[in-house]
Each structure stands twice: as structure tokens, then as C-alpha cells.
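Colleague: Hey, dropping structure.txt in here, compact mmCIF, C-alpha atoms:
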```txt
# COMPACT_ATOMS: atom_id res chain seq x y z
CA MET A 1 -44.48 235.29 304.10
CA SER A 2 -45.64 235.27 300.48
CA THR A 3 -43.96 236.86 297.52
CA LYS A 4 -45.61 238.21 294.43
CA PRO A 5 -44.81 236.30 291.22
CA ASP A 6 -43.05 239.31 289.67
CA ASP A 7 -40.73 239.85 292.66
CA ASN A 8 -38.16 237.51 291.14
CA LEU A 9 -38.57 238.64 287.52
CA ASN A 10 -35.30 240.00 286.11
CA LEU A 11 -35.96 241.44 282.63
CA THR A 12 -32.39 242.52 281.94
CA ALA A 13 -30.94 239.09 282.68
CA GLY A 14 -33.68 237.40 280.66
CA ILE A 15 -33.16 239.61 277.62
CA LEU A 16 -29.39 239.11 277.78
CA ALA A 17 -29.95 235.34 277.95
CA VAL A 18 -32.07 235.54 274.79
CA VAL A 19 -29.34 237.50 272.98
CA PHE A 20 -26.50 235.10 273.85
CA PRO A 21 -26.52 231.83 275.80
CA GLY A 22 -25.19 232.39 279.31
CA ALA A 23 -25.14 236.21 279.13
CA GLY A 24 -28.07 236.50 281.52
CA HIS A 25 -26.31 234.46 284.18
CA LEU A 26 -23.14 236.48 283.65
CA TYR A 27 -25.20 239.61 284.36
CA LEU A 28 -26.47 237.92 287.54
CA ARG A 29 -22.80 237.31 288.50
CA GLN A 30 -23.19 233.57 288.25
CA THR A 31 -20.03 233.09 286.19
CA ARG A 32 -19.76 229.32 286.51
CA ARG A 33 -23.38 228.83 285.47
CA ALA A 34 -22.92 231.30 282.58
CA VAL A 35 -19.88 229.44 281.24
CA LEU A 36 -21.59 226.06 281.55
CA ALA A 37 -24.71 227.38 279.79
CA ALA A 38 -22.72 228.91 276.93
CA VAL A 39 -20.51 225.84 276.46
CA GLY A 40 -23.49 223.48 276.58
CA VAL A 41 -25.75 225.38 274.18
CA LEU A 42 -23.06 226.47 271.73
CA GLY A 43 -21.40 223.05 271.86
CA LEU A 44 -24.65 221.31 270.91
CA PHE A 45 -25.44 223.92 268.24
CA PHE A 46 -22.05 223.84 266.52
CA SER A 47 -21.69 220.07 266.86
CA GLY A 48 -25.02 219.77 265.03
CA MET A 49 -23.63 221.92 262.23
CA PHE A 50 -20.37 219.94 262.26
CA VAL A 51 -22.22 216.62 261.93
CA GLY A 52 -24.85 217.67 259.37
CA GLY A 53 -23.37 220.76 257.73
CA ILE A 54 -24.73 224.29 257.64
CA ASP A 55 -27.88 223.02 255.92
CA VAL A 56 -29.26 221.71 259.22
CA ILE A 57 -30.17 225.34 260.08
CA ASP A 58 -32.83 226.08 257.45
CA ARG A 59 -36.03 227.97 258.23
CA LYS A 60 -37.52 227.45 254.76
CA GLU A 61 -37.03 223.74 254.09
CA ASP A 62 -37.04 222.54 257.72
CA LYS A 63 -39.29 225.10 259.42
CA TRP A 64 -40.46 222.85 262.26
CA TRP A 65 -36.90 222.04 263.25
CA PHE A 66 -35.99 225.70 262.99
CA LEU A 67 -38.64 226.65 265.56
CA ALA A 68 -36.62 224.78 268.20
CA GLN A 69 -33.25 225.88 266.78
CA ALA A 70 -34.31 229.55 266.84
CA MET A 71 -34.35 229.48 270.63
CA VAL A 72 -30.54 229.51 270.52
CA GLY A 73 -30.96 233.21 269.75
CA PRO A 74 -29.71 235.61 267.07
CA LEU A 75 -26.90 233.19 266.22
CA ALA A 76 -29.41 230.75 264.68
CA PHE A 77 -30.98 233.53 262.61
CA GLY A 78 -27.55 234.68 261.42
CA VAL A 79 -26.54 231.17 260.34
CA ASP A 80 -29.89 230.76 258.57
CA ALA A 81 -29.55 234.13 256.78
CA TYR A 82 -26.09 233.16 255.53
CA HIS A 83 -27.42 229.79 254.40
CA GLN A 84 -30.43 231.27 252.58
CA HIS A 85 -28.56 234.09 250.81
CA ALA A 86 -25.04 232.79 250.21
CA LEU A 87 -25.49 229.07 249.59
CA LYS A 88 -28.91 228.53 247.98
CA ALA A 89 -29.91 229.37 244.42
CA TYR A 90 -32.99 229.51 242.20
CA PRO A 91 -33.66 226.67 239.73
CA LEU A 92 -34.07 228.92 236.66
CA ASP A 93 -34.98 227.71 233.19
CA PRO A 94 -32.04 228.00 230.73
CA ASN A 95 -34.28 230.03 228.36
CA ILE A 96 -34.80 232.65 231.07
CA ILE A 97 -31.06 232.82 231.68
CA ALA A 98 -30.44 233.29 227.94
CA ALA A 99 -33.14 235.99 227.66
CA GLY A 100 -31.98 237.79 230.79
CA GLU A 101 -35.50 238.72 231.87
CA MET A 102 -38.61 237.24 233.47
CA GLN A 103 -41.83 238.19 235.22
CA ALA A 104 -41.36 239.18 238.88
CA ALA A 105 -44.42 237.08 239.82
CA ASP A 106 -42.79 233.98 238.28
CA LEU A 107 -39.64 234.53 240.35
CA GLU A 108 -41.72 234.86 243.54
CA ARG A 109 -43.22 231.41 242.87
CA LEU A 110 -39.77 229.82 242.74
CA THR A 111 -38.07 228.65 245.92
CA PRO A 112 -34.28 228.77 246.27
CA ARG A 113 -32.86 225.39 247.19
CA ALA A 114 -29.61 223.73 248.25
CA LEU A 115 -27.37 222.52 245.46
CA TYR A 116 -26.81 218.88 244.59
CA PRO A 117 -23.60 217.20 243.43
CA GLY A 118 -22.93 218.15 239.82
CA GLU A 119 -24.39 221.64 240.30
CA THR A 120 -22.82 225.00 241.03
CA ARG A 121 -24.11 228.45 241.99
CA LYS A 122 -23.79 231.35 239.54
CA THR A 123 -25.27 234.84 239.45
CA ILE A 124 -26.97 236.80 236.71
CA ASP A 125 -28.31 240.36 236.44
CA LEU A 126 -31.94 239.73 235.57
CA ARG A 127 -34.55 242.23 234.36
CA LEU A 128 -37.77 241.63 236.27
CA ASN A 129 -40.99 242.80 234.64
CA THR A 130 -43.44 244.18 237.19
CA PRO A 131 -46.76 246.01 236.72
CA ALA A 132 -44.91 249.23 237.63
CA GLY A 133 -42.18 248.65 235.04
CA GLN A 134 -38.82 246.89 234.88
CA MET A 135 -36.21 246.51 237.59
CA GLU A 136 -32.75 244.96 237.68
CA ARG A 137 -31.89 242.34 240.28
CA THR A 138 -28.90 240.05 240.73
CA ILE A 139 -30.16 236.47 241.10
CA ALA A 140 -28.20 233.38 242.14
CA TYR A 141 -29.18 230.45 239.95
CA ILE A 142 -28.31 226.77 239.69
CA ALA A 143 -26.06 225.77 236.79
CA PRO A 144 -24.42 222.48 235.81
CA ALA A 145 -20.97 222.21 237.34
CA GLY A 146 -17.97 222.09 235.08
CA PRO A 147 -14.81 220.05 235.71
CA GLY A 148 -13.44 220.81 239.17
CA GLN A 149 -16.49 222.83 240.16
CA GLY A 150 -19.00 221.89 242.76
CA PRO A 151 -21.59 223.30 245.06
CA PRO A 152 -20.54 225.62 247.91
CA SER A 153 -22.33 223.22 250.25
CA THR A 154 -24.59 220.24 249.82
CA LYS A 155 -27.43 218.94 251.92
CA SER A 156 -26.18 216.15 254.14
CA ILE A 157 -27.97 212.88 253.53
CA GLY A 158 -29.71 210.38 255.74
CA MET A 159 -28.99 210.17 259.43
CA MET A 160 -26.26 212.82 259.44
CA ASN A 161 -28.75 215.54 258.49
CA GLU A 162 -31.26 214.33 261.07
CA LEU A 163 -28.66 214.07 263.84
CA GLY A 164 -27.39 217.56 263.07
CA MET A 165 -30.89 219.05 263.09
CA LEU A 166 -31.69 217.23 266.33
CA SER A 167 -28.52 218.42 268.05
CA ALA A 168 -29.18 222.05 267.07
CA ALA A 169 -32.84 221.74 268.14
CA ILE A 170 -31.83 220.33 271.53
CA ALA A 171 -29.46 223.30 271.90
CA GLY A 172 -32.42 225.62 271.34
CA MET A 173 -34.60 223.82 273.88
CA LEU A 174 -31.77 223.81 276.42
CA ASN A 175 -31.30 227.55 275.90
CA PHE A 176 -35.04 228.07 276.45
CA ILE A 177 -34.66 226.54 279.92
CA ILE A 178 -31.59 228.71 280.55
CA VAL A 179 -33.51 231.83 279.47
CA LEU A 180 -36.34 230.97 281.89
CA ASP A 181 -33.78 230.49 284.66
CA ALA A 182 -32.31 233.94 283.92
CA PHE A 183 -35.76 235.61 283.79
CA PHE A 184 -36.77 234.06 287.13
CA PRO A 185 -33.60 233.59 289.18
CA GLY A 186 -34.02 231.78 292.45
CA PRO A 187 -32.27 232.81 295.65
CA SER A 188 -28.51 232.66 295.32
CA SER A 189 -26.62 229.96 297.16
CA ALA A 190 -25.08 232.60 299.46
CA SER A 191 -28.51 233.75 300.69
CA ARG A 192 -29.83 230.26 301.44
CA GLU A 193 -30.04 229.27 305.04
CA PRO A 194 -27.98 226.21 306.03
CA ARG A 195 -29.95 223.09 306.86
```
Is it possible to give me this structure as C-alpha cells?
Modeller:
Amino acid sequence: MSTKPDDNLNLTAGILAVVFPGAGHLYLRQTRRAVLAAVGVLGLFFSGMFVGGIDVIDRKEDKWWFLAQAMVGPLAFGVDAYHQHALKAYPLDPNIIAAGEMQAADLERLTPRALYPGETRKTIDLRLNTPAGQMERTIAYIAPAGPGQGPPSTKSIGMMNELGMLSAAIAGMLNFIIVLDAFFPGPSSASREPR
């Protein structure tokens, strides 16, 4: 008796597994497997961030690592969005900050980066000159830190950063296997014939 390859395909469970680790197995009523999947993937992901800081999830500076980390699901994209928009800043020239305006094309060439010790993140309302006219935009920029000030987060150095990125990447690869298992569930243990 042969079965077609798509007989065992479960789209709903697979999509739920992509959205949150273990959710696909919960849908399949495999509660123990769902809990183990969620604890394993989320434990690795958050331990990576605990070891290396939030900077280990960075799709712009560490894009190859992020490809594996992204397989954790929307959680990885949410952490990255927070990191990109709330913790990084543009390295603006002090003359631009004093003038309060710059060319939009010049801003597009700049890349926001993590802050270093002795730096802090500030915001400025900047007038951007475009071919269509001027527009206002609030920009986060890097400024020297004053006494008692510091960056909201710094890039971890050396092995701590690498271990954190590796742990989060392994979480993504583990979740990929879990997603495949949810998409193509095998026969349940109750339906197996005893040996």
C-alpha cells in the first residue's frame, strides 16, 4: 500500500510552527512535544541574547547569522526591528547637526550602527532635501556621552558575541527541523502497531 507524498502534509500545523515554536505540535495535540520544542528553541534563542546581548540579532551587520536566526520565526524579526530602530544611530557629522539639514541621498548612504562606550544616542528633527522638495524627519544620531551617560546597549566583544550569535542560530536551525516535523507529521504513537 503506497501513500502519496502530500497525504501527510498538514499546512495548518506547519504554518503555526513557523509563527511560534511548538504551536504546530500543539495543534496536532502533541502537547509534550510542543512544550519541549518551545522550551528548546526559545531557551537557545534567549540564552544567546543573554550571553551576547541584543546585538547578536542583527540582520544588517550580521546578515549571514541572521539567516539562521530568522528561522525562529516572527520573534527574531521583532527583536531585530527593536534593535535596528531603538538602539542604533547614524554617525552624523557635527556640522550637519548644527545646520539641521542634509541631502536625503547622503542620509541613505549612511548606515546606522551600534554605539560604543563613550557614546550616547540622541535625536534631532532634520530637514532632508530631496528632488521633490524638503521633508522633516526625526533621526537618531551618535553623540559623545556626558558624565553618567552611556549607550543604551553596546556590541558584545570577542567570544561572547560569537557564542550568542551561534546559540540563536542553532535555535533557528532547530526550529526549522521542528517546522518540517509539523508540516509532515508521521503516524501518532497511538496508531502504530505493536511489535
Colleague: For segment 88-90 of chain A, find every residue with an atom within 6 Å (counting all atoms listed in the file), except residues of its own chain fewer than 6 positions away, and show them as a PyMOL selection string.
Modeller: chain A and resi 112-114+140-142
Colleague: For C-alpha atoms, I'd like the residues from the last selection saved as a PDB file, in the frame of the given file.
Modeller:
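So result.pdb came out as:
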```
ATOM      1  CA  PRO A 112     -34.280 228.770 246.270  1.00  0.00           C
ATOM      2  CA  ARG A 113     -32.860 225.390 247.190  1.00  0.00           C
ATOM      3  CA  ALA A 114     -29.610 223.730 248.250  1.00  0.00           C
ATOM      4  CA  ALA A 140     -28.200 233.380 242.140  1.00  0.00           C
ATOM      5  CA  TYR A 141     -29.180 230.450 239.950  1.00  0.00           C
ATOM      6  CA  ILE A 142     -28.310 226.770 239.690  1.00  0.00           C
TER       7      ILE A 142
END
```
Colleague: Go ahead and compute the interatomic distance for atom CA of Gly53 of chain A and atom CA of Met165 of chain A, in Å to one decimal.
Modeller: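 Separation of atom CA of Gly53 of chain A and atom CA of Met165 of chain A: 9.4 Å.
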Colleague: What is the atom CA of Leu26 of chain A to atom CA of Met49 of chain A distance in Å?
Modeller: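 Distance between the two atoms: 25.9 Å.
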Colleague: Counting all atoms listed in the file, which of A:Ala182, A:Ala81, A:Leu92, A:Leu110 gets nearest to Val18 of chain A?
Modeller: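 Result for the nearest residue to Val18 of chain A: A:Ala182.
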Colleague: If I take atom CA of Ala13 of chain A and atom CA of Leu180 of chain A, how far is one from the other in Å, to one decimal?
Modeller: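 Rounded to one decimal, the two atoms are 9.8 Å apart.
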Colleague: Determine, counting all atoms listed in the file, which protein, DNA and RNA residues have an atom within 10 Å of an atom of Ser153 of chain A; residues of the same chain fewer than 6 positions away are not included. Present the result as a list in words.
Modeller: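 The contact residues come out as Gly53, Ile54, Asp55, His83, Ala86, Leu87, Lys88, Ala114, Leu115, Tyr116, Pro117, Thr120 and Arg121 of chain A.
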Colleague: Dig up all the protein and nucleic acid residues within 8 Å of (-36.7, 236.8, 288.9) in the file frame, using all atoms listed in the file, and format them as a list in words.
Modeller: Asp6, Asp7, Asn8, Leu9, Asn10, Leu11, Ala182, Phe183, Phe184, Pro185 and Gly186 of chain A
Colleague: Find the residues around Glu101 of chain A up to 8 Å (all atoms listed in the file counted), leave out those fewer than 4 positions away in its own chain, and share them as a PyMOL selection string.
Modeller: chain A and resi 96-97+126-129
Colleague: Around the point (-25.3, 219.5, 266.3) in the file's coordinates, collect all residues with an atom within 8 Å, using only C-alpha atoms, and return them as JSON, numbers by chain.
Modeller: {"A": [43, 44, 45, 46, 47, 48, 49, 50, 51, 52, 163, 164, 165, 166, 167, 168, 171]}
Colleague: Here is a test: counting all atoms listed in the file, which residue of A:Asp80, A:Asp125, A:Glu61, A:Asp93 is nearest to Thr111 of chain A?
Modeller: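 Answer, going by the shortest atom-to-atom distance: A:Glu61.
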Colleague: Which residue, A:Ile170, A:Gly73, A:Arg109, A:Arg32, has the smallest gap to Gly14 of chain A when you use all atoms listed in the file?
Modeller: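 Among A:Ile170, A:Gly73, A:Arg109, A:Arg32, it is A:Gly73 that comes nearest to Gly14 of chain A.
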Colleague: Point out the residue among A:Ala98, A:Val56, A:Ile177, A:Ala23 with the least atom-to-atom distance to Thr154 of chain A, counting all atoms listed in the file.
Modeller: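 Going through A:Ala98, A:Val56, A:Ile177, A:Ala23 one by one, the smallest distance to Thr154 of chain A is for A:Val56.
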Colleague: Pick the closest to Gln103 of chain A from A:Asp58, A:Phe77, A:Lys122, A:Gln134: which is it, counting all atoms listed in the file?
Modeller: A:Gln134
Colleague: Quick one: segment 82-115 of chain A with N, CA and C atoms, as an mmCIF file, keeping the file's coordinate frame?
Modeller:
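Okay, this is what ended up in result.cif:
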```
data_model
loop_
_atom_site.group_PDB
_atom_site.id
_atom_site.type_symbol
_atom_site.label_atom_id
_atom_site.label_comp_id
_atom_site.auth_asym_id
_atom_site.auth_seq_id
_atom_site.Cartn_x
_atom_site.Cartn_y
_atom_site.Cartn_z
ATOM 1 N N TYR A 82 -27.231 233.492 256.381
ATOM 2 C CA TYR A 82 -26.090 233.160 255.530
ATOM 3 C C TYR A 82 -26.426 231.985 254.616
ATOM 4 N N HIS A 83 -27.054 230.974 255.173
ATOM 5 C CA HIS A 83 -27.420 229.790 254.400
ATOM 6 C C HIS A 83 -28.390 230.138 253.272
ATOM 7 N N GLN A 84 -29.413 230.940 253.581
ATOM 8 C CA GLN A 84 -30.430 231.270 252.580
ATOM 9 C C GLN A 84 -29.870 232.149 251.457
ATOM 10 N N HIS A 85 -28.991 233.100 251.802
ATOM 11 C CA HIS A 85 -28.560 234.090 250.810
ATOM 12 C C HIS A 85 -27.220 233.807 250.153
ATOM 13 N N ALA A 86 -26.369 233.017 250.784
ATOM 14 C CA ALA A 86 -25.040 232.790 250.210
ATOM 15 C C ALA A 86 -24.854 231.387 249.650
ATOM 16 N N LEU A 87 -25.716 230.444 250.023
ATOM 17 C CA LEU A 87 -25.490 229.070 249.590
ATOM 18 C C LEU A 87 -26.604 228.495 248.720
ATOM 19 N N LYS A 88 -27.797 229.048 248.783
ATOM 20 C CA LYS A 88 -28.910 228.530 247.980
ATOM 21 C C LYS A 88 -29.022 229.302 246.673
ATOM 22 N N ALA A 89 -29.735 228.717 245.716
ATOM 23 C CA ALA A 89 -29.910 229.370 244.420
ATOM 24 C C ALA A 89 -31.260 228.974 243.829
ATOM 25 N N TYR A 90 -31.720 229.773 242.871
ATOM 26 C CA TYR A 90 -32.990 229.510 242.200
ATOM 27 C C TYR A 90 -32.800 228.507 241.061
ATOM 28 N N PRO A 91 -33.725 227.576 240.889
ATOM 29 C CA PRO A 91 -33.660 226.670 239.730
ATOM 30 C C PRO A 91 -34.300 227.341 238.510
ATOM 31 N N LEU A 92 -33.538 228.174 237.808
ATOM 32 C CA LEU A 92 -34.070 228.920 236.660
ATOM 33 C C LEU A 92 -33.994 228.095 235.381
ATOM 34 N N ASP A 93 -34.951 228.330 234.514
ATOM 35 C CA ASP A 93 -34.980 227.710 233.190
ATOM 36 C C ASP A 93 -33.849 228.293 232.346
ATOM 37 N N PRO A 94 -33.127 227.476 231.574
ATOM 38 C CA PRO A 94 -32.040 228.000 230.730
ATOM 39 C C PRO A 94 -32.506 229.073 229.740
ATOM 40 N N ASN A 95 -33.767 229.000 229.276
ATOM 41 C CA ASN A 95 -34.280 230.030 228.360
ATOM 42 C C ASN A 95 -34.374 231.385 229.048
ATOM 43 N N ILE A 96 -34.733 231.393 230.321
ATOM 44 C CA ILE A 96 -34.800 232.650 231.070
ATOM 45 C C ILE A 96 -33.404 233.227 231.239
ATOM 46 N N ILE A 97 -32.443 232.361 231.511
ATOM 47 C CA ILE A 97 -31.060 232.820 231.680
ATOM 48 C C ILE A 97 -30.551 233.418 230.370
ATOM 49 N N ALA A 98 -30.873 232.778 229.244
ATOM 50 C CA ALA A 98 -30.440 233.290 227.940
ATOM 51 C C ALA A 98 -31.113 234.619 227.621
ATOM 52 N N ALA A 99 -32.409 234.756 227.949
ATOM 53 C CA ALA A 99 -33.140 235.990 227.660
ATOM 54 C C ALA A 99 -32.731 237.117 228.600
ATOM 55 N N GLY A 100 -32.381 236.775 229.825
ATOM 56 C CA GLY A 100 -31.980 237.790 230.790
ATOM 57 C C GLY A 100 -33.130 238.551 231.414
ATOM 58 N N GLU A 101 -34.357 238.054 231.241
ATOM 59 C CA GLU A 101 -35.500 238.720 231.870
ATOM 60 C C GLU A 101 -36.614 237.717 232.152
ATOM 61 N N MET A 102 -37.457 238.070 233.114
ATOM 62 C CA MET A 102 -38.610 237.240 233.470
ATOM 63 C C MET A 102 -39.614 238.075 234.247
ATOM 64 N N GLN A 103 -40.796 237.523 234.438
ATOM 65 C CA GLN A 103 -41.830 238.190 235.220
ATOM 66 C C GLN A 103 -41.476 238.089 236.707
ATOM 67 N N ALA A 104 -41.655 239.171 237.436
ATOM 68 C CA ALA A 104 -41.360 239.180 238.880
ATOM 69 C C ALA A 104 -42.249 238.177 239.614
ATOM 70 N N ALA A 105 -43.497 238.025 239.171
ATOM 71 C CA ALA A 105 -44.420 237.080 239.820
ATOM 72 C C ALA A 105 -43.931 235.642 239.652
ATOM 73 N N ASP A 106 -43.320 235.333 238.494
ATOM 74 C CA ASP A 106 -42.790 233.980 238.280
ATOM 75 C C ASP A 106 -41.605 233.699 239.211
ATOM 76 N N LEU A 107 -40.777 234.710 239.446
ATOM 77 C CA LEU A 107 -39.640 234.530 240.350
ATOM 78 C C LEU A 107 -40.123 234.318 241.788
ATOM 79 N N GLU A 108 -41.188 235.019 242.182
ATOM 80 C CA GLU A 108 -41.720 234.860 243.540
ATOM 81 C C GLU A 108 -42.256 233.459 243.784
ATOM 82 N N ARG A 109 -42.711 232.787 242.729
ATOM 83 C CA ARG A 109 -43.220 231.410 242.870
ATOM 84 C C ARG A 109 -42.107 230.391 243.047
ATOM 85 N N LEU A 110 -40.904 230.736 242.615
ATOM 86 C CA LEU A 110 -39.770 229.820 242.740
ATOM 87 C C LEU A 110 -39.194 229.869 244.154
ATOM 88 N N THR A 111 -38.688 228.740 244.602
ATOM 89 C CA THR A 111 -38.070 228.650 245.920
ATOM 90 C C THR A 111 -36.594 228.321 245.758
ATOM 91 N N PRO A 112 -35.701 229.136 246.331
ATOM 92 C CA PRO A 112 -34.280 228.770 246.270
ATOM 93 C C PRO A 112 -34.046 227.466 247.020
ATOM 94 N N ARG A 113 -33.120 226.668 246.544
ATOM 95 C CA ARG A 113 -32.860 225.390 247.190
ATOM 96 C C ARG A 113 -31.355 225.148 247.299
ATOM 97 N N ALA A 114 -31.009 224.148 248.115
ATOM 98 C CA ALA A 114 -29.610 223.730 248.250
ATOM 99 C C ALA A 114 -29.175 223.057 246.951
ATOM 100 N N LEU A 115 -27.894 223.107 246.682
ATOM 101 C CA LEU A 115 -27.370 222.520 245.460
ATOM 102 C C LEU A 115 -27.038 221.050 245.659
#
```
